[in-house]
file target23.cif (mmCIF, C-alpha atoms and all ligand atoms; chains and numbers go by the auth columns)
data_entry
#
loop_
_atom_site.group_PDB
_atom_site.id
_atom_site.type_symbol
_atom_site.label_atom_id
_atom_site.label_comp_id
_atom_site.label_asym_id
_atom_site.label_seq_id
_atom_site.Cartn_x
_atom_site.Cartn_y
_atom_site.Cartn_z
_atom_site.B_iso_or_equiv
_atom_site.auth_seq_id
_atom_site.auth_asym_id
ATOM 1 C CA MET A 1 -45.188 -2.192 8.541 0.00 14 A
ATOM 2 C CA VAL A 2 -45.898 -5.184 10.733 0.00 15 A
ATOM 3 C CA CYS A 3 -44.272 -8.549 10.192 0.00 16 A
ATOM 4 C CA LYS A 4 -45.764 -11.760 11.540 0.00 17 A
ATOM 5 C CA LEU A 5 -43.672 -14.847 12.012 0.00 18 A
ATOM 6 C CA THR A 6 -45.097 -18.255 12.685 0.00 19 A
ATOM 7 C CA ILE A 7 -42.734 -20.942 13.899 0.00 20 A
ATOM 8 C CA GLY A 8 -44.627 -24.090 14.749 0.00 21 A
ATOM 9 C CA SER A 9 -47.264 -23.018 17.225 0.00 22 A
ATOM 10 C CA ILE A 10 -45.412 -19.872 18.279 0.00 23 A
ATOM 11 C CA LYS A 11 -46.586 -16.644 16.691 0.00 24 A
ATOM 12 C CA ILE A 12 -44.365 -13.639 16.849 0.00 25 A
ATOM 13 C CA ARG A 13 -45.375 -10.173 15.790 0.00 26 A
ATOM 14 C CA ILE A 14 -42.576 -7.843 14.874 0.00 27 A
ATOM 15 C CA ASP A 15 -43.286 -4.164 14.499 0.00 28 A
ATOM 16 C CA ASP A 16 -40.785 -2.125 12.640 0.00 29 A
ATOM 17 C CA MET A 17 -39.226 1.039 13.935 0.00 30 A
ATOM 18 C CA GLU A 18 -42.450 3.070 13.800 0.00 31 A
ATOM 19 C CA ASN A 19 -43.484 2.311 17.360 0.00 32 A
ATOM 20 C CA THR A 20 -40.131 1.964 18.997 0.00 33 A
ATOM 21 C CA ASP A 21 -38.116 4.523 20.885 0.00 34 A
ATOM 22 C CA LEU A 22 -35.409 4.387 18.242 0.00 35 A
ATOM 23 C CA LYS A 23 -37.490 6.291 15.736 0.00 36 A
ATOM 24 C CA THR A 24 -36.837 10.012 15.732 0.00 37 A
ATOM 25 C CA LYS A 25 -38.528 12.867 14.005 0.00 38 A
ATOM 26 C CA PHE A 26 -35.157 14.287 13.023 0.00 39 A
ATOM 27 C CA LYS A 27 -34.597 14.726 9.308 0.00 40 A
ATOM 28 C CA ALA A 28 -30.990 14.813 8.156 0.00 41 A
ATOM 29 C CA PRO A 29 -29.915 17.765 6.023 0.00 42 A
ATOM 30 C CA LEU A 30 -29.289 16.840 2.406 0.00 43 A
ATOM 31 C CA GLU A 31 -25.681 16.097 1.542 0.00 44 A
ATOM 32 C CA PHE A 32 -25.438 18.423 -1.450 0.00 45 A
ATOM 33 C CA LEU A 33 -27.023 21.373 0.347 0.00 46 A
ATOM 34 C CA SER A 34 -24.724 20.833 3.304 0.00 47 A
ATOM 35 C CA ALA A 35 -21.715 20.757 1.001 0.00 48 A
ATOM 36 C CA VAL A 36 -22.797 23.938 -0.803 0.00 49 A
ATOM 37 C CA SER A 37 -23.152 25.734 2.514 0.00 50 A
ATOM 38 C CA ALA A 38 -19.786 24.261 3.670 0.00 51 A
ATOM 39 C CA LYS A 39 -21.143 22.468 6.718 0.00 52 A
ATOM 40 C CA CYS A 40 -19.362 19.718 8.622 0.00 53 A
ATOM 41 C CA PRO A 41 -19.533 16.415 6.685 0.00 54 A
ATOM 42 C CA LYS A 42 -20.180 14.428 9.861 0.00 55 A
ATOM 43 C CA CYS A 43 -23.085 16.353 11.418 0.00 56 A
ATOM 44 C CA ARG A 44 -24.028 18.711 8.539 0.00 57 A
ATOM 45 C CA ILE A 45 -24.763 21.468 11.038 0.00 58 A
ATOM 46 C CA GLY A 46 -21.490 23.050 12.175 0.00 59 A
ATOM 47 C CA LYS A 47 -19.743 25.450 9.814 0.00 60 A
ATOM 48 C CA MET A 48 -16.365 24.489 8.359 0.00 61 A
ATOM 49 C CA PHE A 49 -15.315 28.121 7.864 0.00 62 A
ATOM 50 C CA SER A 50 -15.633 30.922 10.369 0.00 63 A
ATOM 51 C CA THR A 51 -15.383 33.714 7.777 0.00 64 A
ATOM 52 C CA PRO A 52 -17.366 34.510 4.619 0.00 65 A
ATOM 53 C CA ILE A 53 -16.099 33.236 1.276 0.00 66 A
ATOM 54 C CA TYR A 54 -15.073 36.701 0.027 0.00 67 A
ATOM 55 C CA ASN A 55 -13.321 38.450 2.840 0.00 68 A
ATOM 56 C CA PHE A 56 -10.380 40.879 2.902 0.00 69 A
ATOM 57 C CA GLY A 57 -8.790 39.080 5.836 0.00 70 A
ATOM 58 C CA GLY A 58 -8.785 35.739 4.014 0.00 71 A
ATOM 59 C CA GLN A 59 -10.766 32.666 4.853 0.00 72 A
ATOM 60 C CA LYS A 60 -10.324 30.966 8.182 0.00 73 A
ATOM 61 C CA MET A 61 -11.227 27.333 8.568 0.00 74 A
ATOM 62 C CA ASN A 62 -12.352 26.109 11.946 0.00 75 A
ATOM 63 C CA PRO A 63 -9.940 23.459 13.270 0.00 76 A
ATOM 64 C CA GLU A 64 -12.891 21.541 14.713 0.00 77 A
ATOM 65 C CA CYS A 65 -16.604 21.474 14.016 0.00 78 A
ATOM 66 C CA PRO A 66 -18.292 23.913 16.434 0.00 79 A
ATOM 67 C CA HIS A 67 -21.286 21.581 16.657 0.00 80 A
ATOM 68 C CA CYS A 68 -19.935 18.038 16.996 0.00 81 A
ATOM 69 C CA GLY A 69 -16.204 18.567 17.539 0.00 82 A
ATOM 70 C CA PHE A 70 -15.043 16.650 14.440 0.00 83 A
ATOM 71 C CA HIS A 71 -11.421 17.550 13.699 0.00 84 A
ATOM 72 C CA PHE A 72 -11.377 18.738 10.070 0.00 85 A
ATOM 73 C CA GLU A 73 -7.665 18.241 9.397 0.00 86 A
ATOM 74 C CA ILE A 74 -7.531 14.507 9.775 0.00 87 A
ATOM 75 C CA GLU A 75 -3.759 14.268 9.536 0.00 88 A
ATOM 76 C CA PRO A 76 -0.873 16.712 8.978 0.00 89 A
ATOM 77 C CA GLY A 77 -0.756 17.797 5.343 0.00 90 A
ATOM 78 C CA TYR A 78 -4.235 16.503 4.674 0.00 91 A
ATOM 79 C CA TYR A 79 -5.202 19.567 2.652 0.00 92 A
ATOM 80 C CA TYR A 80 -2.397 19.143 0.121 0.00 93 A
ATOM 81 C CA VAL A 81 -4.790 16.818 -1.679 0.00 94 A
ATOM 82 C CA ALA A 82 -7.230 19.725 -1.963 0.00 95 A
ATOM 83 C CA MET A 83 -4.820 21.216 -4.503 0.00 96 A
ATOM 84 C CA PHE A 84 -5.888 18.563 -6.990 0.00 97 A
ATOM 85 C CA ALA A 85 -9.558 19.242 -6.349 0.00 98 A
ATOM 86 C CA SER A 86 -8.851 22.964 -6.751 0.00 99 A
ATOM 87 C CA TYR A 87 -7.047 22.272 -10.025 0.00 100 A
ATOM 88 C CA ALA A 88 -10.004 20.254 -11.333 0.00 101 A
ATOM 89 C CA LEU A 89 -12.424 23.018 -10.323 0.00 102 A
ATOM 90 C CA ASN A 90 -10.247 25.613 -12.051 0.00 103 A
ATOM 91 C CA ILE A 91 -10.073 23.615 -15.284 0.00 104 A
ATOM 92 C CA ALA A 92 -13.841 23.027 -15.272 0.00 105 A
ATOM 93 C CA GLU A 93 -14.482 26.744 -14.779 0.00 106 A
ATOM 94 C CA MET A 94 -11.996 27.712 -17.496 0.00 107 A
ATOM 95 C CA VAL A 95 -13.439 25.312 -20.049 0.00 108 A
ATOM 96 C CA THR A 96 -16.956 26.491 -19.260 0.00 109 A
ATOM 97 C CA LEU A 97 -15.914 30.128 -19.557 0.00 110 A
ATOM 98 C CA VAL A 98 -14.048 29.652 -22.848 0.00 111 A
ATOM 99 C CA VAL A 99 -16.914 27.705 -24.424 0.00 112 A
ATOM 100 C CA ALA A 100 -19.472 30.242 -23.205 0.00 113 A
ATOM 101 C CA VAL A 101 -17.453 33.197 -24.518 0.00 114 A
ATOM 102 C CA TYR A 102 -16.834 31.471 -27.838 0.00 115 A
ATOM 103 C CA VAL A 103 -20.517 30.592 -28.283 0.00 116 A
ATOM 104 C CA LEU A 104 -21.754 34.008 -27.210 0.00 117 A
ATOM 105 C CA THR A 105 -19.219 36.274 -28.956 0.00 118 A
ATOM 106 C CA ASP A 106 -17.613 34.053 -31.622 0.00 119 A
ATOM 107 C CA SER A 107 -14.354 35.851 -30.802 0.00 120 A
ATOM 108 C CA ARG A 108 -11.008 34.509 -31.984 0.00 121 A
ATOM 109 C CA SER A 109 -8.763 36.981 -30.164 0.00 122 A
ATOM 110 C CA PRO A 110 -6.354 35.222 -27.783 0.00 123 A
ATOM 111 C CA TRP A 111 -6.175 38.374 -25.630 0.00 124 A
ATOM 112 C CA ILE A 112 -9.826 38.162 -24.704 0.00 125 A
ATOM 113 C CA TYR A 113 -9.487 34.555 -23.667 0.00 126 A
ATOM 114 C CA SER A 114 -6.210 35.110 -21.812 0.00 127 A
ATOM 115 C CA GLY A 115 -7.616 38.089 -19.929 0.00 128 A
ATOM 116 C CA LEU A 116 -10.796 36.258 -19.030 0.00 129 A
ATOM 117 C CA LEU A 117 -8.943 33.174 -17.842 0.00 130 A
ATOM 118 C CA ILE A 118 -6.586 35.172 -15.639 0.00 131 A
ATOM 119 C CA ALA A 119 -9.512 37.168 -14.234 0.00 132 A
ATOM 120 C CA ASN A 120 -11.375 33.918 -13.669 0.00 133 A
ATOM 121 C CA CYS A 121 -8.450 32.478 -11.689 0.00 134 A
ATOM 122 C CA ILE A 122 -8.174 35.559 -9.495 0.00 135 A
ATOM 123 C CA ILE A 123 -11.878 36.136 -8.915 0.00 136 A
ATOM 124 C CA LEU A 124 -12.745 32.515 -8.225 0.00 137 A
ATOM 125 C CA ALA A 125 -9.666 31.715 -6.112 0.00 138 A
ATOM 126 C CA PRO A 126 -11.556 32.034 -2.782 0.00 139 A
ATOM 127 C CA PHE A 127 -14.383 29.920 -4.174 0.00 140 A
ATOM 128 C CA ASN A 128 -11.947 27.220 -5.321 0.00 141 A
ATOM 129 C CA PHE A 129 -10.072 27.316 -2.025 0.00 142 A
ATOM 130 C CA ARG A 130 -13.252 26.710 -0.041 0.00 143 A
ATOM 131 C CA TYR A 131 -14.932 24.171 -2.264 0.00 144 A
ATOM 132 C CA SER A 132 -11.806 22.134 -2.959 0.00 145 A
ATOM 133 C CA ARG A 133 -11.687 21.430 0.784 0.00 146 A
ATOM 134 C CA VAL A 134 -15.399 20.743 0.882 0.00 147 A
ATOM 135 C CA VAL A 135 -15.119 18.309 -2.045 0.00 148 A
ATOM 136 C CA LEU A 136 -12.140 16.642 -0.389 0.00 149 A
ATOM 137 C CA LEU A 137 -13.954 16.158 2.906 0.00 150 A
ATOM 138 C CA TYR A 138 -17.316 15.169 1.428 0.00 151 A
ATOM 139 C CA TRP A 139 -16.468 12.925 -1.507 0.00 152 A
ATOM 140 C CA LEU A 140 -12.755 12.208 -1.773 0.00 153 A
ATOM 141 C CA THR A 141 -12.018 10.905 1.710 0.00 154 A
ATOM 142 C CA PRO A 142 -13.370 7.375 2.149 0.00 155 A
ATOM 143 C CA GLY A 143 -13.635 7.314 5.954 0.00 156 A
ATOM 144 C CA ILE A 144 -15.824 10.390 6.372 0.00 157 A
ATOM 145 C CA HIS A 145 -19.577 9.892 6.307 0.00 158 A
ATOM 146 C CA PHE A 146 -22.630 11.541 7.776 0.00 159 A
ATOM 147 C CA GLU A 147 -23.278 10.276 11.297 0.00 160 A
ATOM 148 C CA ALA A 148 -26.804 11.028 12.465 0.00 161 A
ATOM 149 C CA TRP A 149 -25.977 10.490 16.134 0.00 162 A
ATOM 150 C CA ARG A 150 -23.746 13.567 16.105 0.00 163 A
ATOM 151 C CA THR A 151 -26.698 15.707 15.097 0.00 164 A
ATOM 152 C CA GLU A 152 -29.223 13.974 17.297 0.00 165 A
ATOM 153 C CA GLN A 153 -26.964 14.293 20.297 0.00 166 A
ATOM 154 C CA LYS A 154 -27.025 18.064 19.994 0.00 167 A
ATOM 155 C CA GLU A 155 -30.743 18.107 19.218 0.00 168 A
ATOM 156 C CA ASN A 156 -31.383 16.221 22.444 0.00 169 A
ATOM 157 C CA GLU A 157 -29.164 18.623 24.389 0.00 170 A
ATOM 158 C CA LYS A 158 -31.246 21.523 23.078 0.00 171 A
ATOM 159 C CA GLY A 159 -34.415 19.865 24.324 0.00 172 A
ATOM 160 C CA ILE A 160 -33.104 19.461 27.865 0.00 173 A
HETATM 161 ZN ZN ZN B . -19.897 18.452 12.917 0.00 201 B
#

call {"tool": "encode", "arguments": {"input": "target23.cif", "output": "structure tokens", "more": "lines below"}}
Ligand SMILES: [Zn+2]
result
Amino acid sequence: MVCKLTIGSIKIRIDDMENTDLKTKFKAPLEFLSAVSAKCPKCRIGKMFSTPIYNFGGQKMNPECPHCGFHFEIEPGYYYVAMFASYALNIAEMVTLVVAVYVLTDSRSPWIYSGLLIANCIILAPFNFRYSRVVLLYWLTPGIHFEAWRTEQKENEKGI
């Protein structure tokens, strides 16, 4: 897009970013896909966790983003808030499971529901642990946003 300004007898032509050096061909990863794959919320490239989600040794979270160096634990005790996100995830999963079992089986036995809910808590605990932190970093912390320069900086380093 080209914009032309006329002030008196002076004509100014303003090109937008298409022809300037500021335009890059870099395309930022989508926020949701980055969150699902537990990538850094700042650069969306570095991994937040160094281990797989289901692992006998437990999950290990990187203290800093391996790509851009963003420190994940912003302040001491920051991840206590993730408990609330984990609780909300757990409740959502339980309600979904109970409704699905009721619709599919029409069962009224409390033992089936109790067993399924306990199994759900145990099986999905690693999932809730990981994604409660992801949700906290991506959507519940106001100061954390995607910063394209963190990604571009590394992209430029690769090109050199
Ligand atoms: Zn990063």

call {"tool": "closest_atom_pairs", "arguments": {"input": "target23.cif", "of": "chain A", "to": "ligand ZN 201 (chain B)", "cutoff": "8 Å", "atoms": "only C-alpha atoms and all ligand atoms", "output": "CSV"}}
result
residue,atom,partner,partner_atom,distance
A:Lys52,CA,B:ZN201,ZN,7.5
A:Cys53,CA,B:ZN201,ZN,4.5
A:Pro54,CA,B:ZN201,ZN,6.6
A:Lys55,CA,B:ZN201,ZN,5.1
A:Cys56,CA,B:ZN201,ZN,4.1
A:Arg57,CA,B:ZN201,ZN,6.0
A:Ile58,CA,B:ZN201,ZN,6.0
A:Gly59,CA,B:ZN201,ZN,4.9
A:Lys60,CA,B:ZN201,ZN,7.7
A:Glu77,CA,B:ZN201,ZN,7.9
A:Cys78,CA,B:ZN201,ZN,4.6
A:Pro79,CA,B:ZN201,ZN,6.7
A:His80,CA,B:ZN201,ZN,5.1
A:Cys81,CA,B:ZN201,ZN,4.1
A:Gly82,CA,B:ZN201,ZN,5.9
A:Phe83,CA,B:ZN201,ZN,5.4
A:Arg163,CA,B:ZN201,ZN,7.0
A:Thr164,CA,B:ZN201,ZN,7.7

call {"tool": "atom_distance", "arguments": {"input": "target23.cif", "atom1": "atom CA of Val148 of chain A", "atom2": "atom CA of Val116 of chain A"}}
result
29.5 Å

call {"tool": "closest_residue", "arguments": {"input": "target23.cif", "among": "A:Glu86, A:Tyr115, A:Met61, A:Gly156", "to": "Ser47 of chain A", "atoms": "only C-alpha atoms"}}
result
A:Met61

call {"tool": "atom_distance", "arguments": {"input": "target23.cif", "atom1": "atom CA of Ile135 of chain A", "atom2": "atom CA of Leu149 of chain A"}}
result
21.4 Å

call {"tool": "atom_distance", "arguments": {"input": "target23.cif", "atom1": "atom CA of Tyr67 of chain A", "atom2": "atom CA of Ala95 of chain A"}}
result
18.8 Å

call {"tool": "build_atoms", "arguments": {"input": "target23.cif", "residues": "segment 53-72 of chain A", "atoms": "N, CA and C atoms", "output": "PDB file, in the frame of the given file"}}
result
ATOM      1  N   CYS A  53     -20.161  20.882   8.218  1.00  0.00           N
ATOM      2  CA  CYS A  53     -19.362  19.718   8.622  1.00  0.00           C
ATOM      3  C   CYS A  53     -19.905  18.451   7.941  1.00  0.00           C
ATOM      4  N   PRO A  54     -19.036  17.621   7.363  1.00  0.00           N
ATOM      5  CA  PRO A  54     -19.533  16.415   6.685  1.00  0.00           C
ATOM      6  C   PRO A  54     -20.074  15.351   7.646  1.00  0.00           C
ATOM      7  N   LYS A  55     -19.725  15.431   8.895  1.00  0.00           N
ATOM      8  CA  LYS A  55     -20.180  14.428   9.861  1.00  0.00           C
ATOM      9  C   LYS A  55     -21.567  14.745  10.424  1.00  0.00           C
ATOM     10  N   CYS A  56     -21.795  16.001  10.811  1.00  0.00           N
ATOM     11  CA  CYS A  56     -23.085  16.353  11.418  1.00  0.00           C
ATOM     12  C   CYS A  56     -23.948  17.215  10.500  1.00  0.00           C
ATOM     13  N   ARG A  57     -23.342  17.842   9.500  1.00  0.00           N
ATOM     14  CA  ARG A  57     -24.028  18.711   8.539  1.00  0.00           C
ATOM     15  C   ARG A  57     -24.704  19.910   9.203  1.00  0.00           C
ATOM     16  N   ILE A  58     -24.198  20.313  10.346  1.00  0.00           N
ATOM     17  CA  ILE A  58     -24.763  21.468  11.038  1.00  0.00           C
ATOM     18  C   ILE A  58     -23.685  22.521  11.297  1.00  0.00           C
ATOM     19  N   GLY A  59     -22.559  22.107  11.861  1.00  0.00           N
ATOM     20  CA  GLY A  59     -21.490  23.050  12.175  1.00  0.00           C
ATOM     21  C   GLY A  59     -20.816  23.576  10.924  1.00  0.00           C
ATOM     22  N   LYS A  60     -20.387  24.830  10.973  1.00  0.00           N
ATOM     23  CA  LYS A  60     -19.743  25.450   9.814  1.00  0.00           C
ATOM     24  C   LYS A  60     -18.265  25.076   9.752  1.00  0.00           C
ATOM     25  N   MET A  61     -17.780  24.794   8.535  1.00  0.00           N
ATOM     26  CA  MET A  61     -16.365  24.489   8.359  1.00  0.00           C
ATOM     27  C   MET A  61     -15.518  25.753   8.409  1.00  0.00           C
ATOM     28  N   PHE A  62     -16.068  26.868   7.924  1.00  0.00           N
ATOM     29  CA  PHE A  62     -15.315  28.121   7.864  1.00  0.00           C
ATOM     30  C   PHE A  62     -15.959  29.147   8.792  1.00  0.00           C
ATOM     31  N   SER A  63     -15.108  29.917   9.440  1.00  0.00           N
ATOM     32  CA  SER A  63     -15.633  30.922  10.369  1.00  0.00           C
ATOM     33  C   SER A  63     -15.791  32.284   9.714  1.00  0.00           C
ATOM     34  N   THR A  64     -15.287  32.430   8.474  1.00  0.00           N
ATOM     35  CA  THR A  64     -15.383  33.714   7.777  1.00  0.00           C
ATOM     36  C   THR A  64     -16.147  33.523   6.476  1.00  0.00           C
ATOM     37  N   PRO A  65     -16.679  34.635   5.914  1.00  0.00           N
ATOM     38  CA  PRO A  65     -17.366  34.510   4.619  1.00  0.00           C
ATOM     39  C   PRO A  65     -16.390  34.154   3.499  1.00  0.00           C
ATOM     40  N   ILE A  66     -16.952  33.714   2.375  1.00  0.00           N
ATOM     41  CA  ILE A  66     -16.099  33.236   1.276  1.00  0.00           C
ATOM     42  C   ILE A  66     -15.251  34.364   0.687  1.00  0.00           C
ATOM     43  N   TYR A  67     -15.829  35.549   0.512  1.00  0.00           N
ATOM     44  CA  TYR A  67     -15.073  36.701   0.027  1.00  0.00           C
ATOM     45  C   TYR A  67     -14.876  37.657   1.190  1.00  0.00           C
ATOM     46  N   ASN A  68     -13.629  37.707   1.633  1.00  0.00           N
ATOM     47  CA  ASN A  68     -13.321  38.450   2.840  1.00  0.00           C
ATOM     48  C   ASN A  68     -11.906  39.025   2.696  1.00  0.00           C
ATOM     49  N   PHE A  69     -11.701  40.275   3.062  1.00  0.00           N
ATOM     50  CA  PHE A  69     -10.380  40.879   2.902  1.00  0.00           C
ATOM     51  C   PHE A  69      -9.335  40.221   3.799  1.00  0.00           C
ATOM     52  N   GLY A  70      -9.738  39.719   4.916  1.00  0.00           N
ATOM     53  CA  GLY A  70      -8.790  39.080   5.836  1.00  0.00           C
ATOM     54  C   GLY A  70      -8.467  37.648   5.473  1.00  0.00           C
ATOM     55  N   GLY A  71      -9.006  37.132   4.395  1.00  0.00           N
ATOM     56  CA  GLY A  71      -8.785  35.739   4.014  1.00  0.00           C
ATOM     57  C   GLY A  71      -9.773  34.832   4.728  1.00  0.00           C
ATOM     58  N   GLN A  72      -9.825  33.619   4.259  1.00  0.00           N
ATOM     59  CA  GLN A  72     -10.766  32.666   4.853  1.00  0.00           C
ATOM     60  C   GLN A  72     -10.094  31.917   6.001  1.00  0.00           C
TER      61      GLN A  72
END
